[in-house]
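Visitor: Mind having a look at this structure? Questions to follow.
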Amino acid sequence: MNASYSNADITVSADNIAGDCAGKKTISLIFIVACHNRRAQTTACLESIEREASRAGVRWRLVAFDDGSSDGTFEALTNFGDSVTVLYGDGSNFWARSMATAERHALRDVSDSPDDVLVWINDDCELLDGCLDQIVTLLRERNDGILVGAMVSSDRRTTSYSGLVSKGLHPLKFALVSPNGNLQEVDTFNGNLVFVHKRTALRLGGIDGGFSHALADFDYGLRAKEHGIPIMLLPQFMGICDRDHIYTSSTDSVWAEWRKHIAVKGGGEPKSLRRALSRHSPGTWILFWVGSYTAWWARAVSRSGRLFAQRAFKFFAVRGKGAIQNRDRNVR
């Protein structure tokens, strides 16, 4: 497989930062986040970082890329003081390029220790109480690799985002893994909360900002696996985050869902899908590319058919009940 991807703006060599600190390592967390017009959620996210880092006794800073927010998100970020660096975009960067830019800025600081940890976080995530306490020891013990924090829905019933394991022949088909109290190895991940040792980030070459929005996190994890870098899902849930990509067949037409799927922020954006498939399945990418859309339409038609059948059953059930009631009245 061709896993070569290099971010030319990351010029620090992993060899230059090799080696462990003597004795107990002092871990610093460097958070990176992409933001756009979610001021309340972004503020809550940063407040949870501030609270949990203080509780765990770890140093932290954050690089935020605000992609042209107009709701005061940029101003809210600047209120957090010197711990937060805010970069600003024009609204055309979306998640992948925004995160790649924030990562480049974070990794340029060569004064940081090689044992510092880059932390991806989505701005709609809130860290759970005590979550960073759980992993400080792990981060000190592990000199390389990636740790993934699972998110639970706000009703605490469903795993919303987590580590992923390959499922089937399609290179981008995965099953979500829920925490089970132990470290679990996974194949890739949703990028909602991810801990990457700085040496690992430099080795991989960074987040690929060439993706439009989705798939950059899947790609990063797959590149890590191809480089022999372990990806482990943490034993417990680390934060709260509700899914924001839910099929709503009762309100949206199939065509509306299709347009969302292939739009810039959709999981089926054609250029991004081709970019991922051609990298991780170079010999057969075109088959999987066509197959992805064929499978999407098959599922959509099936869902629509079930919805139509449910509505038809309800309609005739109501009509039938009315007819029976009318008959009974006539008999009386």
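In the structure tokens, the first chain shown is A, the next is B, and so on; residue numbers restart at 1 for each chain, and ligands run from 1 in the order shown.
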Show me, as a list in words, the residues that have an atom within 7 Å of A:Met238 when counting only C-alpha atoms, minus same-chain residues fewer than 6 positions from it.

Guide: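 Answer for this query is Leu127, Leu128, Cys131, Gly149, Ala150 and Met151 of chain A.
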
Visitor: Skip stretch 61-67 of chain A itself and residues of its chain fewer than 5 positions away, then list as an MDAnalysis selection string all residues within 6 Å of it, counting only C-alpha atoms.

Guide: chainID A and resid 30:36 83:91 98 102

Visitor: Using only C-alpha atoms, which residues sit within 9 Å of A:Cys125 once same-chain residues fewer than 2 positions away are excluded, as a ChimeraX atom specification?

Guide: /A:41-42,44-45,48,121-123,127,151,192-193,239-242

Visitor: Take atom CA of A:Thr294 and atom CA of A:Phe174 and report the distance between them in Å, one decimal.

Guide: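 Value for the atom CA of A:Thr294-atom CA of A:Phe174 distance: 17.5 Å.
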
Visitor: Would you pick out the contacts of A:Leu273 at 12 Å or less, using only C-alpha atoms, so that residues sharing its chain but fewer than 5 positions from it are not included, and give the list as a PyMOL selection string?

Guide: chain A and resi 171-172+210-216+218-219+261-268+278-281+285-286+288-293
